[in-house]
Amino acid sequence: MQGAPNNPSAVLSKNNDYMNRIFWLLSFVLFSATGLFAQDANSLHKKHFNLEEGVAIQGYDPVAYFKQNKAVKGKKDLAVSEAGVTYYFSSVENKDAFTKSAAKYEPEYGGWCAYAMGAKGEKVSVDPGTFKIINNKLYLFYNRFFNNTLKDWNKDEGNLKTKADASWQKINH
């Protein structure tokens, strides 16, 4: 037979080499793309967070709001980075709790003022000492120059929260 391979195992070997190359190339592309998507998600997450020099909540411990019901300044040597955002903690226990369940403790709306997010859809800085826990979520508020926005939030919380959730979705996606 003319044109037919003399050694069928040589043909199979060439096909296997070709399939192996395709497999490794596709694996590399998928792995690289996954890393890029994770980087993009972290960059987007960080981009919309209220940060000072890469640190969230002006260095206050996010877990302390829940465990101590007050704002407690964290320590730089007890820092954790979550999706590109750095948090400081006042104790090893709080750091460990955050590490196990970061989403549980991260502030809503990227740490921006909940009232401003609901009333105007804007990112406004906060006073970390002015906060409220609602349904196990941390909300922070602006409180300067005789303007405590938590008081305004409390007057129309349901409506403002609905609007803030919608505004944050638009900003964050």
# chains A, B, ... in the order shown; residues from 1 in each chain; ligands from 1
call {"tool": "select_by_dssp", "arguments": {"residues": "region 98-157 of chain A", "states": "helix (DSSP H, G or I)", "output": "ChimeraX atom specification"}}
result
/A:98-100,102-105,108-111,114-119,149-155,157
call {"tool": "residues_around", "arguments": {"residues": "Asn136 (chain A)", "least_positions_apart": "6", "cutoff": "12 Å", "atoms": "only C-alpha atoms", "output": "number ranges by chain"}}
result
A: 63, 65-67, 69, 103-108
call {"tool": "residues_around", "arguments": {"residues": "region 96-100 of chain A", "least_positions_apart": "5", "cutoff": "10 Å", "atoms": "only C-alpha atoms", "output": "ChimeraX atom specification"}}
result
/A:61-63,78,80-82,87,89,91,105-106
call {"tool": "residues_around", "arguments": {"residues": "region 122-132 of chain A", "least_positions_apart": "6", "cutoff": "9 Å", "atoms": "only C-alpha atoms", "output": "PyMOL selection string"}}
result
chain A and resi 48+50+57-58+60+65+70-72+109+111-116+138-144+148-150+167-168
call {"tool": "atom_distance", "arguments": {"atom1": "CA of Thr86 (chain A)", "atom2": "CA of Glu52 (chain A)"}}
result
9.8 Å
